[in-house]
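J.: Structure: upload_31.cif, mmCIF, C-alpha atoms.
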```
data_upload
#
loop_
_atom_site.label_atom_id
_atom_site.label_comp_id
_atom_site.auth_asym_id
_atom_site.auth_seq_id
_atom_site.Cartn_x
_atom_site.Cartn_y
_atom_site.Cartn_z
CA LEU K 189 101.17 99.85 91.06
CA ALA K 190 99.69 97.03 89.00
CA LYS K 191 96.87 95.18 90.73
CA THR K 192 97.13 91.40 90.79
CA THR K 193 94.45 88.74 90.95
CA GLN K 194 95.14 85.18 92.08
CA PRO K 195 92.96 82.26 93.11
CA ILE K 196 92.35 82.31 96.84
CA SER K 197 93.15 78.63 97.29
CA MET K 198 94.24 75.51 95.45
CA ASP K 199 94.48 71.86 96.43
CA SER K 200 96.87 69.29 95.08
CA TYR K 201 98.44 65.93 95.84
CA GLU K 202 102.03 64.98 96.36
CA GLY K 203 103.94 64.39 93.16
CA GLN K 204 101.68 66.52 90.99
CA GLU K 205 102.63 69.65 89.12
CA VAL K 206 100.89 72.79 90.37
CA ASN K 207 100.30 75.86 88.26
CA ILE K 208 99.18 79.08 89.92
CA THR K 209 98.11 81.85 87.58
CA CYS K 210 98.18 85.53 88.38
CA SER K 211 96.41 88.23 86.37
CA HIS K 212 97.95 91.69 86.09
CA ASN K 213 96.15 93.45 83.27
CA ASN K 214 97.62 96.90 83.87
CA ILE K 215 101.25 95.85 84.13
CA ALA K 216 103.61 98.64 83.12
CA THR K 217 106.58 98.45 80.78
CA ASN K 218 109.15 98.58 83.58
CA ASP K 219 107.35 96.13 85.87
CA TYR K 220 108.80 92.77 86.81
CA ILE K 221 106.80 89.83 88.12
CA THR K 222 107.95 88.25 91.35
CA TRP K 223 106.62 85.36 93.42
CA TYR K 224 107.07 84.81 97.13
CA GLN K 225 106.20 81.84 99.34
CA GLN K 226 105.12 82.12 102.95
CA PHE K 227 104.76 79.44 105.61
CA PRO K 228 102.69 80.10 108.73
CA SER K 229 104.35 82.41 111.26
CA GLN K 230 107.33 83.01 108.99
CA GLY K 231 108.35 85.80 106.70
CA PRO K 232 107.83 85.41 102.94
CA ARG K 233 110.60 83.86 100.91
CA PHE K 234 111.55 84.82 97.34
CA ILE K 235 110.85 82.10 94.79
CA ILE K 236 111.35 83.49 91.32
CA GLN K 237 111.29 86.66 89.24
CA GLY K 238 110.81 87.32 85.55
CA TYR K 239 110.10 89.96 82.95
CA LYS K 240 109.01 87.96 79.92
CA THR K 241 108.91 84.46 78.40
CA LYS K 242 110.10 81.72 80.74
CA VAL K 243 112.34 81.68 83.77
CA THR K 244 113.38 78.53 85.59
CA ASN K 245 115.34 77.95 88.76
CA GLU K 246 115.89 75.01 91.06
CA VAL K 247 112.47 75.22 92.67
CA ALA K 248 110.02 76.65 90.11
CA SER K 249 109.32 77.94 86.64
CA LEU K 250 107.64 81.18 85.70
CA PHE K 251 105.78 81.48 82.42
CA ILE K 252 104.95 84.94 81.09
CA PRO K 253 103.06 85.32 77.79
CA ALA K 254 103.98 87.97 75.25
CA ASP K 255 101.33 90.46 76.41
CA ARG K 256 102.55 90.07 80.04
CA LYS K 257 99.01 90.49 81.36
CA SER K 258 99.28 87.28 83.32
CA SER K 259 101.90 84.90 84.63
CA THR K 260 101.95 81.30 85.82
CA LEU K 261 104.06 79.92 88.60
CA SER K 262 104.73 76.24 88.05
CA LEU K 263 105.83 73.98 90.91
CA PRO K 264 106.95 70.56 89.68
CA ARG K 265 106.16 67.47 91.74
CA VAL K 266 104.92 69.19 94.88
CA SER K 267 105.34 67.69 98.32
CA LEU K 268 103.59 68.27 101.63
CA SER K 269 106.22 70.87 102.49
CA ASP K 270 105.05 73.04 99.60
CA THR K 271 101.83 73.78 101.50
CA ALA K 272 102.05 77.54 101.89
CA VAL K 273 100.68 80.85 100.67
CA TYR K 274 102.05 82.03 97.33
CA TYR K 275 102.08 85.71 96.46
CA CYS K 276 102.36 87.25 93.02
CA LEU K 277 103.80 90.77 92.98
CA VAL K 278 104.15 93.17 90.10
CA GLY K 279 106.21 96.32 90.22
CA ASP K 280 109.13 98.34 88.99
CA PRO K 281 112.03 97.16 91.13
CA LEU K 282 114.34 99.80 89.79
CA GLY K 283 112.21 102.75 90.75
CA GLY K 284 110.87 103.93 94.08
CA GLY K 285 113.09 101.86 96.29
CA ASN K 286 112.33 98.52 97.84
CA LYS K 287 108.61 98.41 98.49
CA LEU K 288 106.57 95.27 98.01
CA THR K 289 102.81 95.33 97.60
CA PHE K 290 101.32 91.97 98.50
CA GLY K 291 97.89 90.85 97.41
CA THR K 292 95.82 88.21 99.13
CA GLY K 293 97.94 85.35 97.84
CA THR K 294 97.00 81.76 96.98
CA GLN K 295 96.81 79.20 99.76
CA LEU K 296 98.17 75.97 98.33
CA LYS K 297 97.34 72.81 100.22
CA VAL K 298 99.18 69.62 99.28
CA GLU K 299 97.85 66.29 100.51
CA LEU K 300 99.07 62.73 100.39
CA LYS U 202 125.74 84.34 106.13
CA ALA U 203 123.36 84.91 109.02
CA GLY U 204 119.80 85.78 108.11
CA VAL U 205 117.69 88.70 109.19
CA THR U 206 117.14 88.67 112.93
CA GLN U 207 114.32 90.31 114.81
CA THR U 208 113.91 90.88 118.52
CA PRO U 209 111.91 90.20 120.48
CA ARG U 210 110.07 87.32 118.85
CA TYR U 211 106.99 87.74 121.02
CA LEU U 212 105.66 90.73 122.89
CA ILE U 213 102.54 91.42 124.92
CA LYS U 214 101.55 95.00 125.66
CA THR U 215 98.45 96.83 126.82
CA ARG U 216 96.57 99.59 125.09
CA GLY U 217 98.21 102.98 125.34
CA GLN U 218 101.71 101.65 125.81
CA GLN U 219 104.47 102.01 123.28
CA VAL U 220 106.75 99.37 121.83
CA THR U 221 110.09 99.23 120.04
CA LEU U 222 110.99 96.38 117.73
CA SER U 223 114.48 95.70 116.47
CA CYS U 224 115.80 94.29 113.21
CA SER U 225 119.32 93.34 112.19
CA PRO U 226 119.67 92.94 108.43
CA ILE U 227 121.89 90.52 106.58
CA SER U 228 125.46 91.76 106.61
CA GLY U 229 126.04 94.09 103.69
CA HIS U 230 122.37 94.86 103.09
CA ARG U 231 121.66 98.56 103.42
CA SER U 232 117.92 98.55 102.75
CA VAL U 233 115.57 97.57 105.56
CA SER U 234 111.80 97.44 105.17
CA TRP U 235 109.05 96.82 107.69
CA TYR U 236 105.72 95.10 107.10
CA GLN U 237 102.65 94.44 109.21
CA GLN U 238 100.72 91.21 108.73
CA THR U 239 97.24 90.62 110.12
CA PRO U 240 94.60 88.05 109.16
CA GLY U 241 92.23 90.76 108.02
CA GLN U 242 94.53 93.09 106.09
CA GLY U 243 97.23 90.69 104.97
CA LEU U 244 100.79 91.89 104.44
CA GLN U 245 101.09 95.67 104.39
CA PHE U 246 104.16 97.78 103.79
CA LEU U 247 105.05 100.17 106.61
CA PHE U 248 108.28 101.88 105.55
CA GLU U 249 111.72 101.38 104.09
CA TYR U 250 115.05 102.76 105.20
CA PHE U 251 118.19 103.03 103.16
CA SER U 252 121.43 104.50 104.45
CA GLU U 253 119.67 105.86 107.55
CA THR U 254 117.03 107.69 105.47
CA GLN U 255 113.39 106.79 105.06
CA ARG U 256 112.96 106.10 101.37
CA ASN U 257 109.38 104.84 101.21
CA LYS U 258 106.40 105.04 103.49
CA GLY U 259 103.17 103.09 103.54
CA ASN U 260 99.75 104.25 104.56
CA PHE U 261 100.00 104.01 108.34
CA PRO U 262 99.34 106.65 111.00
CA GLY U 263 102.11 108.69 112.55
CA ARG U 264 102.08 106.41 115.61
CA PHE U 265 104.24 104.10 113.54
CA SER U 266 107.78 105.32 113.13
CA GLY U 267 111.17 103.91 112.47
CA ARG U 268 114.82 104.65 112.13
CA GLN U 269 117.97 103.10 110.84
CA PHE U 270 121.42 103.27 112.33
CA SER U 271 124.77 103.61 110.61
CA ASN U 272 125.32 99.84 110.86
CA SER U 273 122.01 99.33 108.97
CA ARG U 274 120.22 97.95 112.00
CA SER U 275 116.71 99.30 112.22
CA GLU U 276 114.11 99.89 114.89
CA MET U 277 110.41 100.36 114.59
CA ASN U 278 108.34 102.14 117.20
CA VAL U 279 104.61 102.12 117.76
CA SER U 280 103.22 104.61 120.26
CA THR U 281 99.84 104.65 121.97
CA LEU U 282 99.13 101.05 121.10
CA GLU U 283 95.65 100.05 119.99
CA LEU U 284 94.06 96.62 119.94
CA GLY U 285 94.22 96.66 116.15
CA ASP U 286 98.00 96.89 116.25
CA SER U 287 98.16 93.24 117.23
CA ALA U 288 100.00 91.65 114.35
CA LEU U 289 103.10 89.94 113.08
CA TYR U 290 105.68 92.61 112.29
CA LEU U 291 108.16 91.55 109.64
CA CYS U 292 111.44 93.11 108.75
CA ALA U 293 113.17 92.51 105.43
CA SER U 294 116.56 93.49 104.12
CA SER U 295 117.62 93.80 100.54
CA PRO U 296 121.00 93.93 98.83
CA ARG U 297 121.96 96.49 96.26
CA ARG U 298 122.41 94.66 92.98
CA LEU U 299 123.52 95.79 89.57
CA ALA U 300 121.90 94.50 86.41
CA GLY U 301 122.65 90.84 85.87
CA GLU U 302 123.72 90.17 89.45
CA GLY U 303 120.47 88.53 90.48
CA PRO U 304 116.79 89.25 91.03
CA TYR U 305 115.87 92.86 91.44
CA ASN U 306 114.51 94.03 94.77
CA GLU U 307 114.82 90.58 96.35
CA GLN U 308 113.90 90.93 99.97
CA PHE U 309 115.01 88.61 102.74
CA PHE U 310 112.53 88.44 105.57
CA GLY U 311 113.14 87.82 109.22
CA PRO U 312 110.98 85.54 111.38
CA GLY U 313 108.93 88.46 112.65
CA THR U 314 107.85 89.81 116.00
CA ARG U 315 104.42 88.71 117.17
CA LEU U 316 102.87 91.66 119.00
CA THR U 317 99.74 91.17 121.07
CA VAL U 318 97.96 94.22 122.44
CA LEU U 319 95.56 93.57 125.31
#
```
What is this file in structure tokens?
T.:
Amino acid sequence: LAKTTQPISMDSYEGQEVNITCSHNNIATNDYITWYQQFPSQGPRFIIQGYKTKVTNEVASLFIPADRKSSTLSLPRVSLSDTAVYYCLVGDPLGGGNKLTFGTGTQLKVEL
Amino acid sequence: KAGVTQTPRYLIKTRGQQVTLSCSPISGHRSVSWYQQTPGQGLQFLFEYFSETQRNKGNFPGRFSGRQFSNSRSEMNVSTLELGDSALYLCASSPRRLAGEGPYNEQFFGPGTRLTVL
């Protein structure tokens, strides 16, 4: 499984755009990149998933360069409620069943 | 659609006891996974069940076991509890999707069971 590296923490203010970068140098051809969000005392929640280039949904964008050795989760105009831990996961979702390997995650703190 | 439910939400046990946790997946989801979350080790995968069969297993001792029933509900059992087993135990269910139907391997987590071992 590809190892991921993320910043341990980030601080931001309401209304700003937040970009969290994840490094995954040994990503394999069949691996997808997935991000989850977790609030205290709750289970993680799926945010976005991508394989290459750019993916956008109603809550975030995911930018993946051509070499796929890193990815950036972009949260537009964050609010206090976006304060959470964000996990980057890399793996082959079509092989080996449903098993998620979480790293340490990035604690995002949003202030007024 | 109702989300993943876990019971009980909180549990206090003493060392040496055993405990059974229950998880009801989202209707139609056949895959159920269990995770342990502690401040020191983070989120760790325990095992996954699909159609009543264990499909994946994490690196936990044999004291941790699970099973899945024909209605996809799952139980997790921990025997001979140790202080270090105190954790938030999370269950997640996942739908079976074909290409183009949505994100692969998207897991829907329950609220967890907070287990405290004294």
J.: My list of candidates is U:Gln238, U:Asn278, U:Thr208, U:Ser228. Which is closest to chain K when distances are computed with all atoms listed in the file?
T.: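 Checking each of U:Gln238, U:Asn278, U:Thr208, U:Ser228 against chain K, counting all atoms listed in the file, the winner is U:Gln238.
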J.: Just the number, please: distance in Å from CA of Ile213 (chain U) to CA of Leu284 (chain U), one decimal.
T.: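 If I compute the distance from CA of Ile213 (chain U) to CA of Leu284 (chain U), I get 11.1 Å.
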J.: So which residues get picked by the PyMOL selection byres ((chain K and resi 247) around 9) here, written as a list in words?
T.: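 Evaluating the PyMOL selection byres ((chain K and resi 247) around 9) on this file yields Ile235, Ile236, Thr244, Asn245, Glu246, Ala248, Ser249, Leu263 and Pro264 of chain K.
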J.: Using only C-alpha atoms, find each residue of chain U with at least one atom at most 10 Å away from an atom of chain K; report its shortest atom-to-atom pair and that distance in Å (one decimal), sort the rows by chain and rising residue number, and return the result as a Markdown table.
T.:
```
| residue | atom | partner | partner_atom | distance |
| --- | --- | --- | --- | --- |
| U:Ser232 | CA | K:Asn286 | CA | 7.4 |
| U:Val233 | CA | K:Asn286 | CA | 8.4 |
| U:Ser234 | CA | K:Asn286 | CA | 7.4 |
| U:Trp235 | CA | K:Lys287 | CA | 9.3 |
| U:Tyr236 | CA | K:Leu288 | CA | 9.1 |
| U:Gln238 | CA | K:Gly231 | CA | 9.6 |
| U:Gly241 | CA | K:Thr292 | CA | 9.9 |
| U:Gln242 | CA | K:Thr292 | CA | 8.6 |
| U:Gly243 | CA | K:Thr292 | CA | 6.5 |
| U:Leu244 | CA | K:Phe290 | CA | 6.0 |
| U:Gln245 | CA | K:Phe290 | CA | 7.0 |
| U:Phe246 | CA | K:Leu288 | CA | 6.7 |
| U:Leu247 | CA | K:Lys287 | CA | 9.0 |
| U:Phe248 | CA | K:Lys287 | CA | 7.9 |
| U:Glu249 | CA | K:Asn286 | CA | 6.9 |
| U:Tyr250 | CA | K:Asn286 | CA | 8.9 |
| U:Phe251 | CA | K:Gly285 | CA | 8.6 |
| U:Arg256 | CA | K:Gly285 | CA | 6.6 |
| U:Asn257 | CA | K:Gly285 | CA | 6.8 |
| U:Lys258 | CA | K:Lys287 | CA | 8.6 |
| U:Gly259 | CA | K:Lys287 | CA | 8.8 |
| U:Leu289 | CA | K:Ser229 | CA | 7.8 |
| U:Tyr290 | CA | K:Gly231 | CA | 9.2 |
| U:Leu291 | CA | K:Gly231 | CA | 6.5 |
| U:Cys292 | CA | K:Gly231 | CA | 8.2 |
| U:Ala293 | CA | K:Gly231 | CA | 8.4 |
| U:Ser294 | CA | K:Asn286 | CA | 9.1 |
| U:Ser295 | CA | K:Asn286 | CA | 7.6 |
| U:Pro296 | CA | K:Asn286 | CA | 9.9 |
| U:Arg297 | CA | K:Asn286 | CA | 10.0 |
| U:Ala300 | CA | K:Leu282 | CA | 9.8 |
| U:Gly303 | CA | K:Gln237 | CA | 9.5 |
| U:Pro304 | CA | K:Gln237 | CA | 6.3 |
| U:Tyr305 | CA | K:Pro281 | CA | 5.8 |
| U:Asn306 | CA | K:Pro281 | CA | 5.4 |
| U:Glu307 | CA | K:Phe234 | CA | 6.7 |
| U:Gln308 | CA | K:Phe234 | CA | 7.1 |
| U:Phe309 | CA | K:Arg233 | CA | 6.7 |
| U:Phe310 | CA | K:Gly231 | CA | 5.1 |
| U:Gly311 | CA | K:Gly231 | CA | 5.8 |
| U:Pro312 | CA | K:Gln230 | CA | 5.0 |
| U:Gly313 | CA | K:Gly231 | CA | 6.5 |
| U:Thr314 | CA | K:Ser229 | CA | 9.5 |
| U:Arg315 | CA | K:Ser229 | CA | 8.6 |
```
J.: Any idea what the distance is between CA of Gln295 (chain K) and CA of Lys191 (chain K)?
T.: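 Computing it gives 18.4 Å between the two atoms.
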J.: Which protein, DNA or RNA residues have an atom at most 12 Å from (122.8, 82.8, 113.2), counting only C-alpha atoms? List them as a list in words.
T.: Lys202, Ala203, Gly204, Val205, Thr206, Gln207, Ser225, Pro226, Ile227, Ser228 and Gly311 of chain U
J.: Within 7 Å of Glu299 (chain K), counting only C-alpha atoms, which residues show up once you throw out same-chain ones fewer than 2 positions away? Write them as a PyMOL selection string, please.
T.: chain K and resi 200-202+268+297
J.: What's around Thr294 (chain K) at 8 Å? Count only C-alpha atoms, leave out sequence neighbours fewer than 5 positions away in its own chain, and write the answer as a PDB file with C-alpha atoms, in the frame of the given file.
T.:
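What follows is the written file around33.pdb:
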```
ATOM      1  CA  GLN K 194      95.140  85.180  92.080  1.00  0.00           C
ATOM      2  CA  PRO K 195      92.960  82.260  93.110  1.00  0.00           C
ATOM      3  CA  ILE K 196      92.350  82.310  96.840  1.00  0.00           C
ATOM      4  CA  SER K 197      93.150  78.630  97.290  1.00  0.00           C
ATOM      5  CA  MET K 198      94.240  75.510  95.450  1.00  0.00           C
ATOM      6  CA  ILE K 208      99.180  79.080  89.920  1.00  0.00           C
ATOM      7  CA  VAL K 273     100.680  80.850 100.670  1.00  0.00           C
ATOM      8  CA  TYR K 274     102.050  82.030  97.330  1.00  0.00           C
ATOM      9  CA  TYR K 275     102.080  85.710  96.460  1.00  0.00           C
TER      10      TYR K 275
END
```
J.: So, with only C-alpha atoms as the atoms that count, which of U:His230, U:Arg210, U:Cys224, U:Val318 lies closest to Arg298 (chain U)?
T.: U:His230
J.: Please, what distance in Å, to one decimal, runs between CA of Leu250 (chain K) and CA of Asp199 (chain K)?
T.: 19.4 Å
J.: Expanded to explicit residues, what is the PyMOL selection byres ((chain K and resi 260) around 8) for this file, as a list in words?
T.: Asn207, Ile208, Thr209, Cys210, Leu250, Phe251, Ile252, Ser258, Ser259, Leu261 and Ser262 of chain K
J.: May I have the residues from that selection written out with C-alpha atoms, as a CSV table (one decimal), keeping the file's coordinate frame?
T.:
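To be explicit, this is the file written out as selection_25.csv:
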```
chain,number,residue,atom,x,y,z
K,207,ASN,CA,100.3,75.9,88.3
K,208,ILE,CA,99.2,79.1,89.9
K,209,THR,CA,98.1,81.8,87.6
K,210,CYS,CA,98.2,85.5,88.4
K,250,LEU,CA,107.6,81.2,85.7
K,251,PHE,CA,105.8,81.5,82.4
K,252,ILE,CA,105.0,84.9,81.1
K,258,SER,CA,99.3,87.3,83.3
K,259,SER,CA,101.9,84.9,84.6
K,261,LEU,CA,104.1,79.9,88.6
K,262,SER,CA,104.7,76.2,88.0
```
J.: Hey, what comes out of the PyMOL selection byres ((chain K and resi 213) around 10) on this file? Could you write it as a list in words?
T.: Ala190, Lys191, Thr192, Thr193, Cys210, Ser211, His212, Asn214, Ile215, Ala216, Asp255, Arg256, Lys257 and Ser258 of chain K
J.: Find the residues near Leu282 (chain U): any atom within 6 Å, counting all atoms listed in the file, skip ones fewer than 4 places away on the same chain, and give them as a ChimeraX atom specification.
T.: /U:216-219
J.: For those residues, write C-alpha atoms to a file as a compact mmCIF listing (two decimals), keeping the file's coordinate frame.
T.:
```
# COMPACT_ATOMS: atom_id res chain seq x y z
CA ARG U 216 96.57 99.59 125.09
CA GLY U 217 98.21 102.98 125.34
CA GLN U 218 101.71 101.65 125.81
CA GLN U 219 104.47 102.01 123.28
```
